[in-house]
Amino acid sequence: MGLSLRADPIDALVPMWRAELDRRTFLTSSAYSVAAAALPLDYVQEVADRSAAARTGHIVGMAEVRAVRDMVRMFSEMDERHGGQHGRSALVQYLRDDVAPLCRARFHNEEMRRHMLSAASRGVHLLGWKSYDAGQQGLAQRYYLQSYALAVESGVTGQDGFIMRTMAMQGLKLHRPEHCQGLAETGLNRAKGKVDNATMALFRVVHAHTLAKSGQRRAAVAEADRARELLAADKGDETPFWALAWGPPAASVYSRTAKVHETLGDFSAAAGQYARAATARPATTYARIVSLDLVAGAEMQLKRGRIEEACETWNRAIDHMDGVQSTRTRKAVRNMRKDLARFRARGVRCAAELDERALDFLGR
């Protein structure tokens, strides 16, 4: 379910949403599929010629499109502030009960239909991200695939490539890099010369990470440098709403650049970029991702032998985790305790105090 790309992605999504709301576990426990990660590269379908005969009801215009964008933006902000497990069922119900019928409605013109499908794609992409944050990687992959299908059908320039970028990021995180470089390169090529500089920087920095993972050190560093240069260049067109999935593009570029340096073993540069990323987002709005950038920065500091500095950064990370319902933040704290174990055994005071705080956070 959800691992194939159908003529109508809504047909694939409706049973997935039903399974989620019925709390059926076969989806939430599904494994990540390496084969499915290659699907977008081979997905060739003449979506522009799809029949609109099934689309009935009232005529939909830009007001409805704006309403969906606003709701998805609200759910996205809630997700960043409170974690992926907060509001997830409400998002599923909204997409199923409100957005899916709108995608099949009659439109004032083809442009309105394209914008609605694009907004729906962004909502499904967010649901994939929520699944990812809950550690449900197979389900996240399914949602990303269907978000991709909606983006392809919308024909909105660059959005399908952006979801390829997301799928490449997921594969890198899961240490399954088989298709990551192909996904990142294809997404980049689809957007090249067609999106604003900030969005282009997002594509380039993920491509840089895939190059680093494949051992192409010089090319990876050069690509990461190009991404940062794009941030400093004239912005050009407005950044599209679907490219703001993780907040300010600059923060995402800094965080991903840190991962490039981390992959290449330059922990000093990585720590600096993680710190820069943490300060580039409003902490009250992006509590989870700021805390995770700080955690990653602390890990780089520890690898450089700076335990006191790392403990200080970890403490700042936990400050931002209060009220965040996220499997990733809890996993980060558990991993931190493992890293601190040898320092606690040596009687390092900051490590012992931080471990006590971590126990309180985890509920002992």
# chains A, B, ... in the order shown; residues from 1 in each chain; ligands from 1

call {"tool": "select_by_dssp", "arguments": {"residues": "segment 303-358 of chain A", "states": "alpha helix (DSSP H)", "output": "ChimeraX atom specification"}}
result
/A:303,307-321,327-345,349-358

call {"tool": "write_last_selection", "arguments": {"atoms": "N, CA and C atoms", "output": "short mmCIF file (atom, residue, chain, number, x, y, z; two decimals), in the first residue's frame"}}
result
data_model
loop_
_atom_site.label_atom_id
_atom_site.label_comp_id
_atom_site.auth_asym_id
_atom_site.auth_seq_id
_atom_site.Cartn_x
_atom_site.Cartn_y
_atom_site.Cartn_z
N LYS A 303 33.40 14.92 19.83
CA LYS A 303 34.38 14.22 19.01
C LYS A 303 35.72 14.95 18.98
N ILE A 307 34.40 18.14 26.24
CA ILE A 307 33.26 17.63 26.99
C ILE A 307 32.47 18.75 27.68
N GLU A 308 33.15 19.72 28.29
CA GLU A 308 32.42 20.80 28.96
C GLU A 308 31.61 21.62 27.96
N GLU A 309 32.21 21.92 26.82
CA GLU A 309 31.52 22.67 25.78
C GLU A 309 30.33 21.88 25.24
N ALA A 310 30.52 20.57 25.08
CA ALA A 310 29.44 19.72 24.58
C ALA A 310 28.28 19.68 25.58
N CYS A 311 28.60 19.57 26.86
CA CYS A 311 27.54 19.53 27.88
C CYS A 311 26.73 20.83 27.89
N GLU A 312 27.41 21.93 27.73
CA GLU A 312 26.72 23.22 27.69
C GLU A 312 25.76 23.28 26.49
N THR A 313 26.21 22.78 25.34
CA THR A 313 25.35 22.79 24.14
C THR A 313 24.20 21.82 24.31
N TRP A 314 24.45 20.65 24.88
CA TRP A 314 23.37 19.70 25.13
C TRP A 314 22.32 20.29 26.07
N ASN A 315 22.76 20.99 27.09
CA ASN A 315 21.81 21.63 28.00
C ASN A 315 20.92 22.62 27.26
N ARG A 316 21.51 23.39 26.36
CA ARG A 316 20.72 24.33 25.56
C ARG A 316 19.72 23.58 24.68
N ALA A 317 20.13 22.43 24.16
CA ALA A 317 19.22 21.63 23.33
C ALA A 317 18.01 21.17 24.13
N ILE A 318 18.23 20.68 25.34
CA ILE A 318 17.12 20.21 26.17
C ILE A 318 16.20 21.36 26.55
N ASP A 319 16.77 22.56 26.69
CA ASP A 319 15.92 23.74 26.96
C ASP A 319 14.82 23.88 25.91
N HIS A 320 15.15 23.54 24.66
CA HIS A 320 14.21 23.73 23.56
C HIS A 320 13.26 22.54 23.38
N MET A 321 13.52 21.44 24.08
CA MET A 321 12.71 20.23 23.88
C MET A 321 11.44 20.20 24.72
N THR A 327 9.78 11.49 18.55
CA THR A 327 10.61 10.30 18.77
C THR A 327 12.08 10.64 18.59
N ARG A 328 12.38 11.54 17.67
CA ARG A 328 13.78 11.89 17.39
C ARG A 328 14.43 12.62 18.54
N THR A 329 13.71 13.53 19.20
CA THR A 329 14.32 14.24 20.31
C THR A 329 14.59 13.28 21.48
N ARG A 330 13.66 12.37 21.73
CA ARG A 330 13.88 11.41 22.82
C ARG A 330 15.04 10.47 22.49
N LYS A 331 15.13 10.07 21.24
CA LYS A 331 16.25 9.23 20.83
C LYS A 331 17.56 9.99 20.98
N ALA A 332 17.56 11.28 20.66
CA ALA A 332 18.77 12.10 20.79
C ALA A 332 19.23 12.16 22.24
N VAL A 333 18.28 12.27 23.16
CA VAL A 333 18.64 12.33 24.58
C VAL A 333 19.16 10.97 25.06
N ARG A 334 18.55 9.89 24.61
CA ARG A 334 19.06 8.56 24.99
C ARG A 334 20.48 8.35 24.46
N ASN A 335 20.72 8.77 23.21
CA ASN A 335 22.07 8.64 22.66
C ASN A 335 23.07 9.50 23.42
N MET A 336 22.62 10.67 23.86
CA MET A 336 23.48 11.55 24.64
C MET A 336 23.92 10.86 25.93
N ARG A 337 22.99 10.17 26.58
CA ARG A 337 23.33 9.46 27.83
C ARG A 337 24.41 8.40 27.58
N LYS A 338 24.31 7.72 26.43
CA LYS A 338 25.32 6.72 26.09
C LYS A 338 26.68 7.38 25.89
N ASP A 339 26.68 8.53 25.21
CA ASP A 339 27.94 9.24 24.98
C ASP A 339 28.56 9.74 26.28
N LEU A 340 27.70 10.06 27.24
CA LEU A 340 28.19 10.62 28.51
C LEU A 340 28.65 9.55 29.49
N ALA A 341 28.31 8.28 29.24
CA ALA A 341 28.54 7.22 30.23
C ALA A 341 30.00 7.17 30.69
N ARG A 342 30.93 7.22 29.76
CA ARG A 342 32.33 7.09 30.14
C ARG A 342 32.82 8.29 30.94
N PHE A 343 32.22 9.44 30.71
CA PHE A 343 32.61 10.63 31.47
C PHE A 343 32.00 10.63 32.87
N ARG A 344 30.78 10.08 32.99
CA ARG A 344 30.19 9.92 34.33
C ARG A 344 31.04 8.97 35.16
N ALA A 345 31.52 7.90 34.49
CA ALA A 345 32.33 6.91 35.21
C ALA A 345 33.63 7.52 35.72
N ARG A 349 31.88 16.20 36.43
CA ARG A 349 30.69 16.76 37.06
C ARG A 349 29.62 17.17 36.05
N CYS A 350 30.00 17.88 34.99
CA CYS A 350 29.00 18.36 34.03
C CYS A 350 28.27 17.21 33.37
N ALA A 351 28.97 16.08 33.17
CA ALA A 351 28.34 14.91 32.56
C ALA A 351 27.32 14.30 33.51
N ALA A 352 27.67 14.22 34.79
CA ALA A 352 26.75 13.65 35.78
C ALA A 352 25.50 14.53 35.93
N GLU A 353 25.68 15.83 35.98
CA GLU A 353 24.54 16.74 36.13
C GLU A 353 23.63 16.70 34.90
N LEU A 354 24.23 16.63 33.72
CA LEU A 354 23.45 16.57 32.49
C LEU A 354 22.68 15.25 32.41
N ASP A 355 23.31 14.16 32.87
CA ASP A 355 22.63 12.87 32.85
C ASP A 355 21.40 12.88 33.75
N GLU A 356 21.49 13.54 34.88
CA GLU A 356 20.34 13.67 35.78
C GLU A 356 19.21 14.42 35.08
N ARG A 357 19.56 15.46 34.38
CA ARG A 357 18.55 16.22 33.65
C ARG A 357 17.93 15.37 32.54
N ALA A 358 18.75 14.58 31.89
CA ALA A 358 18.26 13.70 30.82
C ALA A 358 17.28 12.67 31.37
#

call {"tool": "residues_around", "arguments": {"residues": "segment 231-247 of chain A", "least_positions_apart": "6", "cutoff": "6 Å", "atoms": "only C-alpha atoms", "output": "ChimeraX atom specification"}}
result
/A:122,196-198

call {"tool": "write_last_selection", "arguments": {"atoms": "N, CA and C atoms", "output": "short mmCIF file (atom, residue, chain, number, x, y, z; two decimals), in the first residue's frame"}}
result
data_model
loop_
_atom_site.label_atom_id
_atom_site.label_comp_id
_atom_site.auth_asym_id
_atom_site.auth_seq_id
_atom_site.Cartn_x
_atom_site.Cartn_y
_atom_site.Cartn_z
N ARG A 122 1.97 19.33 -0.76
CA ARG A 122 2.68 19.87 0.41
C ARG A 122 2.10 19.30 1.70
N ASP A 196 14.05 30.26 -7.48
CA ASP A 196 14.83 31.34 -6.88
C ASP A 196 16.12 30.79 -6.29
N ASN A 197 17.04 31.69 -5.95
CA ASN A 197 18.37 31.27 -5.49
C ASN A 197 18.32 30.53 -4.15
N ALA A 198 17.45 30.96 -3.25
CA ALA A 198 17.37 30.29 -1.95
C ALA A 198 16.90 28.85 -2.11
#

call {"tool": "atom_distance", "arguments": {"atom1": "atom CA of Arg113 of chain A", "atom2": "atom CA of Leu95 of chain A"}}
result
16.1 Å

call {"tool": "closest_residue", "arguments": {"among": "A:Ala212, A:Ala271, A:Leu202, A:Ala250", "to": "Cys180 of chain A", "atoms": "only C-alpha atoms"}}
result
A:Ala212

call {"tool": "closest_residue", "arguments": {"among": "A:His108, A:His82, A:His261, A:Arg69", "to": "Thr210 of chain A", "atoms": "only C-alpha atoms"}}
result
A:His261

call {"tool": "residues_around", "arguments": {"residues": "segment 71-81 of chain A", "least_positions_apart": "3", "cutoff": "10 Å", "atoms": "only C-alpha atoms", "output": "PyMOL selection string"}}
result
chain A and resi 66-68+84-88+90-91+94-95+119-120+122-124+126-127+129-130+133+241-242+244-247+283-290+320-326

call {"tool": "residues_around", "arguments": {"residues": "Tyr274 of chain A", "least_positions_apart": "6", "cutoff": "6 Å", "atoms": "only C-alpha atoms", "output": "list in words"}}
result
Ser255, Ala258, Asp293 and Gly297 of chain A

call {"tool": "residues_around", "arguments": {"residues": "Gly182 of chain A", "least_positions_apart": "2", "cutoff": "9 Å", "atoms": "only C-alpha atoms", "output": "list in words"}}
result
Ala38, Leu41, Ala168, Glu178, His179, Cys180, Ala184, Glu185, Thr186, Gly187 and Thr210 of chain A

call {"tool": "residues_around", "arguments": {"residues": "Gln141 of chain A", "least_positions_apart": "3", "cutoff": "9 Å", "atoms": "only C-alpha atoms", "output": "ChimeraX atom specification"}}
result
/A:2-3,32-33,36-37,128,131-132,136-138,144-146,167,170

call {"tool": "residues_around", "arguments": {"residues": "Glu110 of chain A", "least_positions_apart": "2", "cutoff": "12 Å", "atoms": "only C-alpha atoms", "output": "ChimeraX atom specification"}}
result
/A:48-49,52,59-62,103,105-108,112-117,153-156

call {"tool": "closest_residue", "arguments": {"among": "A:Pro249, A:Pro101, A:Gly158, A:Gly83", "to": "Ser118 of chain A", "atoms": "only C-alpha atoms"}}
result
A:Gly158

call {"tool": "select_by_dssp", "arguments": {"residues": "segment 8-247 of chain A", "states": "strand (DSSP E or B)", "output": "PDB file with N, CA, C and O atoms, in the first residue's frame"}}
result
ATOM      1  N   ILE A  59     -17.416  24.846  -8.133  1.00  0.00           N
ATOM      2  CA  ILE A  59     -16.226  25.299  -8.856  1.00  0.00           C
ATOM      3  C   ILE A  59     -15.229  25.904  -7.868  1.00  0.00           C
ATOM      4  O   ILE A  59     -15.569  26.777  -7.078  1.00  0.00           O
ATOM      5  N   VAL A  60     -14.013  25.418  -7.914  1.00  0.00           N
ATOM      6  CA  VAL A  60     -12.970  25.810  -6.964  1.00  0.00           C
ATOM      7  C   VAL A  60     -12.073  26.872  -7.600  1.00  0.00           C
ATOM      8  O   VAL A  60     -11.710  26.780  -8.777  1.00  0.00           O
ATOM      9  N   ARG A 106     -14.457  20.679  -9.509  1.00  0.00           N
ATOM     10  CA  ARG A 106     -14.338  21.414 -10.774  1.00  0.00           C
ATOM     11  C   ARG A 106     -13.641  22.736 -10.479  1.00  0.00           C
ATOM     12  O   ARG A 106     -13.838  23.321  -9.422  1.00  0.00           O
ATOM     13  N   PHE A 107     -12.823  23.193 -11.406  1.00  0.00           N
ATOM     14  CA  PHE A 107     -12.005  24.384 -11.186  1.00  0.00           C
ATOM     15  C   PHE A 107     -12.345  25.471 -12.202  1.00  0.00           C
ATOM     16  O   PHE A 107     -12.803  25.173 -13.312  1.00  0.00           O
TER      17      PHE A 107
END

call {"tool": "atom_distance", "arguments": {"atom1": "atom CA of His209 of chain A", "atom2": "atom CA of Met300 of chain A"}}
result
16.9 Å
